[in-house]
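See below for the structure under consideration.
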Amino acid sequence: MNVEFNSEMVDSKDIKDIIDKNTEFKVVKDMSKGSKREDILAFNLSVEINTLNDLMEDDCGISELTEDELFDEYLSLAEEIAMDIEQYVPDGAIMDIKAYKWDKSDNAIKLIIIIATEDTTDLKLRDIMRKLITQVE
């Protein structure tokens with residue numbers, strides 16, 4: 001799917017490849033068409049728990065956390081490191097990221113990232129995110 005950002009056409013496949021090759025995230029699914037919008041790119045991502053554990057080792061004692069605390073830490077850290085994807089998005093784009101699940105069968109945290117034109121309002125971004133999370137759950 002192609003989306004125009006500042007008069008430049010961007011293919012969702014190109015962004016998918018960039019994320020897969022340059023970040024610790026794996027694109028599980030291109031959700032751009034499923035958003036039913038022509039002005040956004042959306043992806044379902046995953047990041048391995050081992051990657052998050054490596055990053056958390058220095059900050060806190062993982063073994064001392066309850067499962068609920070660990071879950072919260074994983075979601076927060078996954079969203080935080082996903083912000084690094086911003087360096088690969090086109091000029092004139094904004095992002096929204098939401099970690100929503102600890103998939104124990106894959107040993108990964110699942111996230112959704114939306115890359116939208118900069119004239120998309122925060123309210124519209126939240127609405128799109130809500131719809132996409134409903135699709136994946």
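Residue numbering restarts at 1 in every chain; chains get A, B, ... in the order shown in the structure tokens, and ligands count up from 1 in that same order.
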Extract the full set of helix (DSSP H, G or I) residues from region 6-137 of chain A according to DSSP on the backbone, and format it as a compact mmCIF listing (two decimals) with all heavy atoms, in the first residue's frame.
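New file result-v4.txt:
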```
# COMPACT_ATOMS: atom_id res chain seq x y z
N SER A 12 4.33 0.63 1.88
CA SER A 12 4.38 -0.03 3.18
C SER A 12 5.39 -1.18 3.19
O SER A 12 6.01 -1.46 4.22
CB SER A 12 2.98 -0.53 3.59
OG SER A 12 2.51 -1.49 2.69
N LYS A 13 5.60 -1.82 2.05
CA LYS A 13 6.58 -2.92 1.97
C LYS A 13 7.99 -2.40 2.24
O LYS A 13 8.80 -3.09 2.85
CB LYS A 13 6.52 -3.60 0.60
CG LYS A 13 5.25 -4.40 0.40
CD LYS A 13 5.21 -5.02 -0.98
CE LYS A 13 3.88 -5.72 -1.18
NZ LYS A 13 3.27 -5.46 -2.44
N ASP A 14 8.29 -1.19 1.76
CA ASP A 14 9.61 -0.61 1.99
C ASP A 14 9.83 -0.33 3.49
O ASP A 14 10.91 -0.61 4.03
CB ASP A 14 9.79 0.68 1.19
CG ASP A 14 9.81 0.44 -0.31
OD1 ASP A 14 10.09 -0.71 -0.73
OD2 ASP A 14 9.52 1.39 -1.07
N ILE A 15 8.82 0.22 4.14
CA ILE A 15 8.93 0.51 5.57
C ILE A 15 9.04 -0.81 6.35
O ILE A 15 9.83 -0.92 7.29
CB ILE A 15 7.73 1.35 6.07
CG1 ILE A 15 7.68 2.71 5.34
CG2 ILE A 15 7.78 1.54 7.58
CD1 ILE A 15 8.86 3.62 5.61
N LYS A 16 8.28 -1.82 5.96
CA LYS A 16 8.35 -3.14 6.60
C LYS A 16 9.78 -3.68 6.52
O LYS A 16 10.33 -4.14 7.53
CB LYS A 16 7.38 -4.11 5.93
CG LYS A 16 7.48 -5.53 6.44
CD LYS A 16 6.74 -6.50 5.53
CE LYS A 16 6.87 -7.94 5.95
NZ LYS A 16 8.20 -8.48 5.96
N ASP A 17 10.37 -3.62 5.34
CA ASP A 17 11.74 -4.11 5.15
C ASP A 17 12.74 -3.34 6.01
O ASP A 17 13.65 -3.92 6.59
CB ASP A 17 12.15 -4.05 3.68
CG ASP A 17 11.40 -5.05 2.81
OD1 ASP A 17 10.82 -6.02 3.35
OD2 ASP A 17 11.38 -4.86 1.58
N ILE A 18 12.56 -2.03 6.08
CA ILE A 18 13.45 -1.19 6.89
C ILE A 18 13.36 -1.57 8.36
O ILE A 18 14.38 -1.71 9.05
CB ILE A 18 13.13 0.31 6.68
CG1 ILE A 18 13.56 0.75 5.28
CG2 ILE A 18 13.78 1.17 7.75
CD1 ILE A 18 13.06 2.12 4.85
N ILE A 19 12.14 -1.77 8.86
CA ILE A 19 11.96 -2.15 10.27
C ILE A 19 12.60 -3.51 10.53
O ILE A 19 13.33 -3.69 11.50
CB ILE A 19 10.46 -2.15 10.64
CG1 ILE A 19 9.91 -0.71 10.64
CG2 ILE A 19 10.24 -2.81 12.01
CD1 ILE A 19 8.40 -0.61 10.76
N ASP A 20 12.33 -4.47 9.65
CA ASP A 20 12.89 -5.82 9.83
C ASP A 20 14.42 -5.82 9.81
O ASP A 20 15.05 -6.53 10.59
CB ASP A 20 12.37 -6.77 8.75
CG ASP A 20 10.97 -7.28 9.03
OD1 ASP A 20 10.53 -7.28 10.20
OD2 ASP A 20 10.30 -7.70 8.06
N LYS A 21 15.03 -5.04 8.94
CA LYS A 21 16.48 -5.07 8.76
C LYS A 21 17.24 -4.20 9.76
O LYS A 21 18.39 -4.49 10.07
CB LYS A 21 16.85 -4.64 7.35
CG LYS A 21 16.45 -5.65 6.30
CD LYS A 21 16.76 -5.16 4.90
CE LYS A 21 16.26 -6.16 3.87
NZ LYS A 21 16.17 -5.61 2.54
N ASN A 22 16.62 -3.11 10.23
CA ASN A 22 17.36 -2.12 11.01
C ASN A 22 16.98 -2.01 12.48
O ASN A 22 17.56 -1.19 13.19
CB ASN A 22 17.21 -0.74 10.36
CG ASN A 22 17.79 -0.71 8.97
OD1 ASN A 22 18.96 -0.99 8.77
ND2 ASN A 22 16.96 -0.41 7.99
N LYS A 33 -3.76 -1.80 5.06
CA LYS A 33 -5.03 -1.94 4.35
C LYS A 33 -6.18 -2.19 5.32
O LYS A 33 -7.29 -1.71 5.11
CB LYS A 33 -4.96 -3.06 3.32
CG LYS A 33 -4.12 -2.71 2.13
CD LYS A 33 -4.11 -3.81 1.09
CE LYS A 33 -3.20 -3.41 -0.06
NZ LYS A 33 -2.99 -4.49 -1.00
N GLY A 34 -5.91 -2.92 6.38
CA GLY A 34 -6.93 -3.23 7.38
C GLY A 34 -7.42 -2.02 8.14
O GLY A 34 -8.48 -2.05 8.75
N SER A 35 -6.65 -0.94 8.09
CA SER A 35 -7.06 0.29 8.78
C SER A 35 -8.18 1.00 8.03
O SER A 35 -8.86 1.85 8.59
CB SER A 35 -5.87 1.25 8.91
OG SER A 35 -5.53 1.80 7.64
N ILE A 49 11.37 -11.29 24.11
CA ILE A 49 11.57 -11.04 25.54
C ILE A 49 13.06 -11.03 25.88
O ILE A 49 13.50 -10.21 26.68
CB ILE A 49 10.82 -12.10 26.38
CG1 ILE A 49 9.30 -11.95 26.22
CG2 ILE A 49 11.23 -12.05 27.85
CD1 ILE A 49 8.71 -10.67 26.76
N ASN A 50 13.85 -11.90 25.26
CA ASN A 50 15.29 -11.94 25.53
C ASN A 50 15.95 -10.60 25.23
O ASN A 50 16.85 -10.16 25.95
CB ASN A 50 15.96 -13.06 24.74
CG ASN A 50 15.53 -14.43 25.20
OD1 ASN A 50 15.09 -14.60 26.33
ND2 ASN A 50 15.66 -15.41 24.32
N THR A 51 15.50 -9.94 24.16
CA THR A 51 16.04 -8.61 23.82
C THR A 51 15.72 -7.62 24.93
O THR A 51 16.58 -6.83 25.35
CB THR A 51 15.43 -8.13 22.49
OG1 THR A 51 15.75 -9.07 21.46
CG2 THR A 51 15.94 -6.75 22.11
N LEU A 52 14.48 -7.66 25.41
CA LEU A 52 14.07 -6.75 26.49
C LEU A 52 14.81 -7.07 27.78
O LEU A 52 15.24 -6.16 28.50
CB LEU A 52 12.56 -6.82 26.70
CG LEU A 52 11.70 -6.42 25.49
CD1 LEU A 52 10.23 -6.63 25.78
CD2 LEU A 52 11.97 -4.97 25.08
N ASN A 53 14.98 -8.35 28.08
CA ASN A 53 15.72 -8.75 29.29
C ASN A 53 17.15 -8.23 29.25
O ASN A 53 17.66 -7.74 30.26
CB ASN A 53 15.73 -10.28 29.44
CG ASN A 53 14.41 -10.83 29.95
OD1 ASN A 53 13.59 -10.10 30.52
ND2 ASN A 53 14.19 -12.11 29.72
N ASP A 54 17.79 -8.32 28.08
CA ASP A 54 19.16 -7.81 27.95
C ASP A 54 19.22 -6.31 28.24
O ASP A 54 20.15 -5.84 28.88
CB ASP A 54 19.71 -8.08 26.55
CG ASP A 54 19.96 -9.56 26.29
OD1 ASP A 54 19.98 -10.36 27.26
OD2 ASP A 54 20.12 -9.93 25.10
N LEU A 55 18.22 -5.58 27.79
CA LEU A 55 18.19 -4.13 28.01
C LEU A 55 17.85 -3.80 29.47
O LEU A 55 18.29 -2.77 29.99
CB LEU A 55 17.17 -3.48 27.09
CG LEU A 55 17.50 -3.52 25.60
CD1 LEU A 55 16.31 -3.07 24.76
CD2 LEU A 55 18.72 -2.65 25.30
N MET A 56 17.09 -4.66 30.12
CA MET A 56 16.65 -4.41 31.50
C MET A 56 17.67 -4.84 32.54
O MET A 56 17.59 -4.39 33.69
CB MET A 56 15.33 -5.14 31.77
CG MET A 56 14.15 -4.54 31.07
SD MET A 56 12.64 -5.53 31.22
CE MET A 56 12.46 -5.67 32.99
N ILE A 62 15.45 -8.35 37.45
CA ILE A 62 14.28 -8.97 36.82
C ILE A 62 13.69 -10.03 37.74
O ILE A 62 12.47 -10.15 37.86
CB ILE A 62 14.66 -9.57 35.45
CG1 ILE A 62 15.06 -8.45 34.49
CG2 ILE A 62 13.52 -10.39 34.87
CD1 ILE A 62 15.64 -8.94 33.19
N SER A 63 14.55 -10.79 38.41
CA SER A 63 14.07 -11.89 39.26
C SER A 63 13.30 -11.39 40.47
O SER A 63 12.54 -12.14 41.09
CB SER A 63 15.24 -12.76 39.69
OG SER A 63 16.18 -11.98 40.41
N GLU A 64 13.46 -10.11 40.82
CA GLU A 64 12.79 -9.56 41.99
C GLU A 64 11.39 -9.03 41.67
O GLU A 64 10.63 -8.70 42.57
CB GLU A 64 13.63 -8.43 42.59
CG GLU A 64 14.98 -8.91 43.08
CD GLU A 64 15.90 -7.76 43.46
OE1 GLU A 64 15.41 -6.61 43.56
OE2 GLU A 64 17.09 -8.02 43.65
N GLU A 67 5.15 -11.02 38.32
CA GLU A 67 4.81 -11.18 36.90
C GLU A 67 4.08 -9.94 36.37
O GLU A 67 4.33 -9.51 35.24
CB GLU A 67 3.96 -12.42 36.68
CG GLU A 67 3.78 -12.72 35.20
CD GLU A 67 3.25 -14.11 34.92
OE1 GLU A 67 3.56 -15.05 35.65
OE2 GLU A 67 2.52 -14.23 33.92
N ASP A 68 3.21 -9.33 37.19
CA ASP A 68 2.50 -8.12 36.77
C ASP A 68 3.48 -6.95 36.57
O ASP A 68 3.36 -6.20 35.60
CB ASP A 68 1.42 -7.72 37.79
CG ASP A 68 0.20 -8.62 37.73
OD1 ASP A 68 0.04 -9.35 36.73
OD2 ASP A 68 -0.60 -8.59 38.69
N GLU A 69 4.43 -6.82 37.48
CA GLU A 69 5.43 -5.75 37.35
C GLU A 69 6.30 -5.98 36.11
O GLU A 69 6.61 -5.03 35.39
CB GLU A 69 6.31 -5.68 38.60
CG GLU A 69 5.59 -5.21 39.84
CD GLU A 69 6.41 -5.38 41.11
OE1 GLU A 69 7.27 -6.30 41.16
OE2 GLU A 69 6.19 -4.61 42.05
N LEU A 70 6.67 -7.23 35.89
CA LEU A 70 7.48 -7.57 34.73
C LEU A 70 6.73 -7.27 33.44
O LEU A 70 7.29 -6.71 32.50
CB LEU A 70 7.87 -9.05 34.81
CG LEU A 70 8.98 -9.53 33.89
CD1 LEU A 70 10.25 -8.71 34.06
CD2 LEU A 70 9.26 -11.00 34.13
N PHE A 71 5.45 -7.62 33.40
CA PHE A 71 4.59 -7.34 32.25
C PHE A 71 4.58 -5.84 31.95
O PHE A 71 4.80 -5.42 30.81
CB PHE A 71 3.17 -7.85 32.53
CG PHE A 71 2.17 -7.51 31.45
CD1 PHE A 71 2.20 -8.14 30.22
CD2 PHE A 71 1.18 -6.57 31.69
CE1 PHE A 71 1.28 -7.84 29.23
CE2 PHE A 71 0.25 -6.26 30.71
CZ PHE A 71 0.29 -6.90 29.48
N ASP A 72 4.37 -5.02 32.99
CA ASP A 72 4.36 -3.56 32.81
C ASP A 72 5.71 -3.05 32.31
O ASP A 72 5.76 -2.18 31.43
CB ASP A 72 3.99 -2.86 34.12
CG ASP A 72 2.54 -3.06 34.50
OD1 ASP A 72 1.72 -3.40 33.62
OD2 ASP A 72 2.21 -2.87 35.70
N GLU A 73 6.80 -3.59 32.86
CA GLU A 73 8.13 -3.20 32.43
C GLU A 73 8.37 -3.55 30.96
O GLU A 73 8.92 -2.76 30.20
CB GLU A 73 9.21 -3.85 33.30
CG GLU A 73 9.33 -3.28 34.68
CD GLU A 73 9.86 -1.86 34.69
OE1 GLU A 73 10.74 -1.52 33.87
OE2 GLU A 73 9.38 -1.07 35.52
N TYR A 74 7.97 -4.76 30.58
CA TYR A 74 8.14 -5.19 29.19
C TYR A 74 7.38 -4.28 28.23
O TYR A 74 7.91 -3.86 27.20
CB TYR A 74 7.67 -6.63 29.00
CG TYR A 74 8.61 -7.70 29.51
CD1 TYR A 74 8.10 -8.93 29.93
CD2 TYR A 74 9.99 -7.51 29.57
CE1 TYR A 74 8.94 -9.94 30.38
CE2 TYR A 74 10.83 -8.51 30.03
CZ TYR A 74 10.31 -9.72 30.44
OH TYR A 74 11.14 -10.71 30.87
N LEU A 75 6.12 -3.98 28.55
CA LEU A 75 5.32 -3.12 27.67
C LEU A 75 5.94 -1.73 27.55
O LEU A 75 6.06 -1.19 26.44
CB LEU A 75 3.88 -3.02 28.16
CG LEU A 75 3.02 -4.28 28.12
CD1 LEU A 75 1.59 -3.96 28.51
CD2 LEU A 75 3.06 -4.96 26.77
N SER A 76 6.33 -1.16 28.68
CA SER A 76 6.93 0.19 28.67
C SER A 76 8.23 0.22 27.87
O SER A 76 8.44 1.13 27.06
CB SER A 76 7.20 0.67 30.10
OG SER A 76 6.01 0.82 30.80
N LEU A 77 9.08 -0.76 28.11
CA LEU A 77 10.36 -0.79 27.42
C LEU A 77 10.18 -1.03 25.92
O LEU A 77 10.85 -0.39 25.10
CB LEU A 77 11.27 -1.87 28.02
CG LEU A 77 12.67 -1.96 27.45
CD1 LEU A 77 13.42 -0.62 27.56
CD2 LEU A 77 13.46 -3.07 28.15
N ALA A 78 9.26 -1.91 25.55
CA ALA A 78 9.00 -2.17 24.13
C ALA A 78 8.55 -0.89 23.43
O ALA A 78 9.01 -0.58 22.33
CB ALA A 78 7.96 -3.27 23.97
N GLU A 79 7.63 -0.14 24.06
CA GLU A 79 7.18 1.11 23.46
C GLU A 79 8.31 2.12 23.38
O GLU A 79 8.45 2.85 22.40
CB GLU A 79 6.01 1.69 24.27
CG GLU A 79 4.73 0.91 24.10
CD GLU A 79 3.58 1.44 24.94
OE1 GLU A 79 3.74 2.46 25.65
OE2 GLU A 79 2.49 0.83 24.89
N GLU A 80 9.13 2.16 24.42
CA GLU A 80 10.25 3.11 24.46
C GLU A 80 11.25 2.85 23.33
O GLU A 80 11.64 3.76 22.60
CB GLU A 80 10.94 3.02 25.82
CG GLU A 80 12.07 3.98 26.00
CD GLU A 80 12.75 3.81 27.36
OE1 GLU A 80 12.04 3.55 28.35
OE2 GLU A 80 13.98 3.92 27.39
N ILE A 81 11.65 1.59 23.16
CA ILE A 81 12.65 1.32 22.12
C ILE A 81 12.03 1.38 20.72
O ILE A 81 12.74 1.61 19.75
CB ILE A 81 13.41 -0.01 22.35
CG1 ILE A 81 12.49 -1.21 22.30
CG2 ILE A 81 14.19 0.04 23.65
CD1 ILE A 81 13.22 -2.55 22.36
N ALA A 82 10.72 1.21 20.62
CA ALA A 82 10.06 1.33 19.32
C ALA A 82 10.11 2.76 18.81
O ALA A 82 10.01 3.00 17.60
CB ALA A 82 8.61 0.85 19.41
N MET A 83 10.29 3.71 19.70
CA MET A 83 10.40 5.11 19.27
C MET A 83 11.62 5.31 18.37
O MET A 83 11.66 6.26 17.58
CB MET A 83 10.48 6.05 20.49
CG MET A 83 9.17 6.16 21.26
SD MET A 83 7.76 6.65 20.24
CE MET A 83 8.23 8.30 19.79
N ASP A 84 12.61 4.42 18.44
CA ASP A 84 13.78 4.51 17.57
C ASP A 84 13.41 4.35 16.09
O ASP A 84 14.15 4.77 15.21
CB ASP A 84 14.83 3.46 17.94
CG ASP A 84 15.48 3.74 19.29
OD1 ASP A 84 15.37 4.88 19.78
OD2 ASP A 84 16.10 2.81 19.85
N ILE A 85 12.26 3.75 15.84
CA ILE A 85 11.80 3.56 14.45
C ILE A 85 11.54 4.91 13.79
O ILE A 85 11.61 5.03 12.57
CB ILE A 85 10.55 2.65 14.41
CG1 ILE A 85 10.91 1.24 14.89
CG2 ILE A 85 9.91 2.62 13.03
CD1 ILE A 85 9.72 0.32 15.09
N GLU A 86 11.33 5.93 14.61
CA GLU A 86 11.03 7.26 14.08
C GLU A 86 12.11 7.75 13.10
O GLU A 86 11.80 8.45 12.14
CB GLU A 86 10.88 8.26 15.23
CG GLU A 86 10.34 9.60 14.80
CD GLU A 86 9.93 10.44 15.98
OE1 GLU A 86 10.51 10.31 17.08
OE2 GLU A 86 9.01 11.26 15.80
N GLN A 87 13.36 7.34 13.30
CA GLN A 87 14.42 7.78 12.40
C GLN A 87 14.26 7.22 10.99
O GLN A 87 14.87 7.71 10.05
CB GLN A 87 15.79 7.41 12.97
CG GLN A 87 16.04 5.92 13.07
CD GLN A 87 17.35 5.61 13.76
OE1 GLN A 87 18.38 6.19 13.41
NE2 GLN A 87 17.32 4.70 14.72
N TYR A 88 13.43 6.18 10.82
CA TYR A 88 13.24 5.56 9.51
C TYR A 88 11.93 5.96 8.83
O TYR A 88 11.70 5.56 7.70
CB TYR A 88 13.26 4.03 9.66
CG TYR A 88 14.54 3.52 10.27
CD1 TYR A 88 14.54 2.98 11.55
CD2 TYR A 88 15.75 3.59 9.58
CE1 TYR A 88 15.72 2.52 12.13
CE2 TYR A 88 16.91 3.13 10.15
CZ TYR A 88 16.90 2.60 11.42
OH TYR A 88 18.06 2.15 11.99
N ASP A 122 -4.42 13.93 17.11
CA ASP A 122 -4.21 12.94 18.17
C ASP A 122 -5.47 12.13 18.42
O ASP A 122 -5.40 10.92 18.65
CB ASP A 122 -3.78 13.63 19.47
CG ASP A 122 -2.36 14.15 19.42
OD1 ASP A 122 -1.59 13.71 18.54
OD2 ASP A 122 -2.02 15.00 20.27
N LEU A 123 -6.60 12.78 18.36
CA LEU A 123 -7.88 12.08 18.57
C LEU A 123 -8.08 11.01 17.50
O LEU A 123 -8.48 9.88 17.80
CB LEU A 123 -9.04 13.09 18.55
CG LEU A 123 -10.42 12.53 18.80
CD1 LEU A 123 -10.50 11.91 20.19
CD2 LEU A 123 -11.47 13.61 18.65
N LYS A 124 -7.79 11.34 16.25
CA LYS A 124 -7.93 10.39 15.15
C LYS A 124 -6.94 9.24 15.30
O LYS A 124 -7.28 8.08 15.08
CB LYS A 124 -7.72 11.11 13.80
CG LYS A 124 -7.91 10.23 12.59
CD LYS A 124 -9.20 9.45 12.56
CE LYS A 124 -10.39 10.26 12.20
NZ LYS A 124 -11.64 9.45 12.14
N LEU A 125 -5.70 9.55 15.73
CA LEU A 125 -4.71 8.50 15.96
C LEU A 125 -5.18 7.51 17.04
O LEU A 125 -5.05 6.30 16.88
CB LEU A 125 -3.37 9.09 16.40
CG LEU A 125 -2.38 9.46 15.32
CD1 LEU A 125 -1.12 10.05 15.94
CD2 LEU A 125 -2.03 8.29 14.44
N ARG A 126 -5.72 8.03 18.13
CA ARG A 126 -6.22 7.16 19.20
C ARG A 126 -7.36 6.29 18.71
O ARG A 126 -7.46 5.11 19.05
CB ARG A 126 -6.67 7.99 20.41
CG ARG A 126 -5.51 8.51 21.24
CD ARG A 126 -5.97 9.04 22.58
NE ARG A 126 -6.91 10.13 22.48
CZ ARG A 126 -6.59 11.42 22.44
NH1 ARG A 126 -5.33 11.77 22.50
NH2 ARG A 126 -7.52 12.34 22.36
N ASP A 127 -8.24 6.87 17.88
CA ASP A 127 -9.36 6.12 17.33
C ASP A 127 -8.87 4.99 16.42
O ASP A 127 -9.34 3.85 16.51
CB ASP A 127 -10.29 7.07 16.57
CG ASP A 127 -11.53 6.37 16.06
OD1 ASP A 127 -12.18 5.65 16.85
OD2 ASP A 127 -11.86 6.54 14.87
N ILE A 128 -7.90 5.29 15.56
CA ILE A 128 -7.34 4.28 14.66
C ILE A 128 -6.66 3.18 15.48
O ILE A 128 -6.84 1.99 15.20
CB ILE A 128 -6.33 4.92 13.67
CG1 ILE A 128 -7.05 5.91 12.75
CG2 ILE A 128 -5.61 3.85 12.86
CD1 ILE A 128 -6.09 6.83 11.99
N MET A 129 -5.90 3.57 16.51
CA MET A 129 -5.20 2.59 17.35
C MET A 129 -6.21 1.66 18.02
O MET A 129 -6.01 0.44 18.07
CB MET A 129 -4.33 3.29 18.39
CG MET A 129 -3.54 2.34 19.25
SD MET A 129 -2.31 1.36 18.36
CE MET A 129 -1.04 2.58 18.09
N ARG A 130 -7.27 2.22 18.54
CA ARG A 130 -8.30 1.41 19.21
C ARG A 130 -8.87 0.36 18.24
O ARG A 130 -9.04 -0.81 18.58
CB ARG A 130 -9.39 2.32 19.76
CG ARG A 130 -10.39 1.64 20.66
CD ARG A 130 -11.33 2.59 21.38
NE ARG A 130 -11.86 3.68 20.58
CZ ARG A 130 -11.48 4.96 20.68
NH1 ARG A 130 -10.54 5.31 21.53
NH2 ARG A 130 -12.03 5.89 19.92
N LYS A 131 -9.13 0.77 17.01
CA LYS A 131 -9.68 -0.16 16.01
C LYS A 131 -8.67 -1.24 15.65
O LYS A 131 -9.03 -2.41 15.50
CB LYS A 131 -10.09 0.61 14.75
CG LYS A 131 -11.32 1.44 14.94
CD LYS A 131 -11.66 2.26 13.72
CE LYS A 131 -12.87 3.15 13.99
NZ LYS A 131 -13.13 4.08 12.90
N LEU A 132 -7.40 -0.88 15.50
CA LEU A 132 -6.39 -1.86 15.13
C LEU A 132 -6.13 -2.86 16.26
O LEU A 132 -5.94 -4.06 16.00
CB LEU A 132 -5.09 -1.17 14.73
CG LEU A 132 -5.15 -0.37 13.43
CD1 LEU A 132 -3.84 0.37 13.19
CD2 LEU A 132 -5.49 -1.25 12.24
N ILE A 133 -6.16 -2.40 17.49
CA ILE A 133 -5.97 -3.33 18.63
C ILE A 133 -7.13 -4.31 18.69
O ILE A 133 -6.93 -5.50 18.95
CB ILE A 133 -5.78 -2.56 19.94
CG1 ILE A 133 -4.39 -1.92 19.96
CG2 ILE A 133 -5.99 -3.47 21.15
CD1 ILE A 133 -4.07 -1.10 21.16
N THR A 134 -8.32 -3.85 18.39
CA THR A 134 -9.49 -4.74 18.35
C THR A 134 -9.29 -5.82 17.28
O THR A 134 -9.64 -6.98 17.49
CB THR A 134 -10.77 -3.95 18.06
OG1 THR A 134 -10.93 -2.94 19.08
CG2 THR A 134 -11.99 -4.83 18.05
N GLN A 135 -8.69 -5.46 16.17
CA GLN A 135 -8.45 -6.43 15.09
C GLN A 135 -7.48 -7.53 15.49
O GLN A 135 -7.63 -8.67 15.08
CB GLN A 135 -7.90 -5.74 13.84
CG GLN A 135 -8.91 -4.94 13.06
CD GLN A 135 -8.28 -4.30 11.84
OE1 GLN A 135 -7.26 -4.76 11.32
NE2 GLN A 135 -8.87 -3.22 11.37
N VAL A 136 -6.46 -7.19 16.27
CA VAL A 136 -5.44 -8.18 16.59
C VAL A 136 -5.80 -9.03 17.80
O VAL A 136 -5.21 -10.09 18.02
CB VAL A 136 -4.04 -7.55 16.80
CG1 VAL A 136 -3.50 -7.01 15.50
CG2 VAL A 136 -4.03 -6.52 17.90
```
So that each row is one residue of region 66-104 of chain A with an atom at most 8 Å from region 111-114 of chain A, can you give its shortest atom pair and the distance in Å to one decimal, using only C-alpha atoms, rows by chain and rising number, as JSON lines?
```
{"residue": "A:Ala78", "atom": "CA", "partner": "A:Leu111", "partner_atom": "CA", "distance": 7.9}
{"residue": "A:Glu79", "atom": "CA", "partner": "A:Leu111", "partner_atom": "CA", "distance": 7.7}
{"residue": "A:Met95", "atom": "CA", "partner": "A:Ile114", "partner_atom": "CA", "distance": 5.5}
{"residue": "A:Asp96", "atom": "CA", "partner": "A:Ile114", "partner_atom": "CA", "distance": 5.1}
{"residue": "A:Ile97", "atom": "CA", "partner": "A:Ile113", "partner_atom": "CA", "distance": 4.5}
{"residue": "A:Lys98", "atom": "CA", "partner": "A:Ile112", "partner_atom": "CA", "distance": 5.4}
{"residue": "A:Ala99", "atom": "CA", "partner": "A:Leu111", "partner_atom": "CA", "distance": 4.0}
{"residue": "A:Tyr100", "atom": "CA", "partner": "A:Leu111", "partner_atom": "CA", "distance": 5.8}
{"residue": "A:Lys101", "atom": "CA", "partner": "A:Leu111", "partner_atom": "CA", "distance": 7.3}
```
What would the file look like if the residues just selected were written as a CSV table (one decimal), in the first residue's frame with all heavy atoms?
```csv
chain,number,residue,atom,x,y,z
A,78,ALA,N,9.3,-1.9,25.6
A,78,ALA,CA,9.0,-2.2,24.1
A,78,ALA,C,8.5,-0.9,23.4
A,78,ALA,O,9.0,-0.6,22.3
A,78,ALA,CB,8.0,-3.3,24.0
A,79,GLU,N,7.6,-0.1,24.1
A,79,GLU,CA,7.2,1.1,23.5
A,79,GLU,C,8.3,2.1,23.4
A,79,GLU,O,8.4,2.8,22.4
A,79,GLU,CB,6.0,1.7,24.3
A,79,GLU,CG,4.7,0.9,24.1
A,79,GLU,CD,3.6,1.4,24.9
A,79,GLU,OE1,3.7,2.5,25.6
A,79,GLU,OE2,2.5,0.8,24.9
A,95,MET,N,4.1,9.3,14.5
A,95,MET,CA,3.9,7.9,14.9
A,95,MET,C,3.1,7.8,16.2
A,95,MET,O,3.1,8.7,17.1
A,95,MET,CB,5.3,7.3,15.2
A,95,MET,CG,6.1,7.1,14.0
A,95,MET,SD,7.7,6.1,14.4
A,95,MET,CE,7.8,6.0,16.1
A,96,ASP,N,2.4,6.7,16.3
A,96,ASP,CA,1.8,6.3,17.6
A,96,ASP,C,2.1,4.8,17.8
A,96,ASP,O,2.1,4.0,16.8
A,96,ASP,CB,0.3,6.5,17.5
A,96,ASP,CG,-0.4,6.3,18.9
A,96,ASP,OD1,0.4,6.4,19.9
A,96,ASP,OD2,-1.6,6.1,19.0
A,97,ILE,N,2.5,4.4,19.0
A,97,ILE,CA,2.9,3.0,19.3
A,97,ILE,C,2.2,2.6,20.5
A,97,ILE,O,2.1,3.3,21.5
A,97,ILE,CB,4.4,3.0,19.5
A,97,ILE,CG1,5.2,3.5,18.3
A,97,ILE,CG2,4.9,1.6,19.9
A,97,ILE,CD1,6.6,3.8,18.6
A,98,LYS,N,1.7,1.3,20.5
A,98,LYS,CA,1.1,0.8,21.6
A,98,LYS,C,1.4,-0.7,21.8
A,98,LYS,O,1.2,-1.5,20.8
A,98,LYS,CB,-0.5,0.9,21.5
A,98,LYS,CG,-1.3,0.4,22.6
A,98,LYS,CD,-1.1,1.3,23.8
A,98,LYS,CE,-2.0,0.8,25.0
A,98,LYS,NZ,-1.6,1.3,26.2
A,99,ALA,N,2.1,-1.1,22.9
A,99,ALA,CA,2.3,-2.5,23.2
A,99,ALA,C,1.1,-3.0,23.9
A,99,ALA,O,0.5,-2.3,24.7
A,99,ALA,CB,3.5,-2.6,24.1
A,100,TYR,N,0.6,-4.2,23.5
A,100,TYR,CA,-0.7,-4.6,24.0
A,100,TYR,C,-0.7,-6.0,24.5
A,100,TYR,O,-1.7,-6.5,25.1
A,100,TYR,CB,-1.7,-4.5,22.9
A,100,TYR,CG,-1.5,-5.4,21.7
A,100,TYR,CD1,-2.1,-6.7,21.6
A,100,TYR,CD2,-0.7,-5.0,20.6
A,100,TYR,CE1,-1.8,-7.5,20.6
A,100,TYR,CE2,-0.5,-5.8,19.5
A,100,TYR,CZ,-1.1,-7.1,19.5
A,100,TYR,OH,-0.8,-7.9,18.5
A,101,LYS,N,0.4,-6.8,24.3
A,101,LYS,CA,0.3,-8.2,24.7
A,101,LYS,C,1.6,-8.9,24.9
A,101,LYS,O,2.6,-8.6,24.2
A,101,LYS,CB,-0.4,-9.0,23.6
A,101,LYS,CG,-0.6,-10.5,23.8
A,101,LYS,CD,-1.3,-11.1,22.6
A,101,LYS,CE,-1.5,-12.6,22.7
A,101,LYS,NZ,-2.1,-13.2,21.6
```
* **DSSP-assigned strand (DSSP E or B) among chain A, expressed as number ranges by chain** => A: 2-5, 8-11, 26-30, 40-48, 93-103, 108-117
* **Among the residues A:Met9, A:Ile109, A:Met1, A:Leu65, the one that comes closest to Leu41 (chain A) [using only C-alpha atoms]** => A:Met1
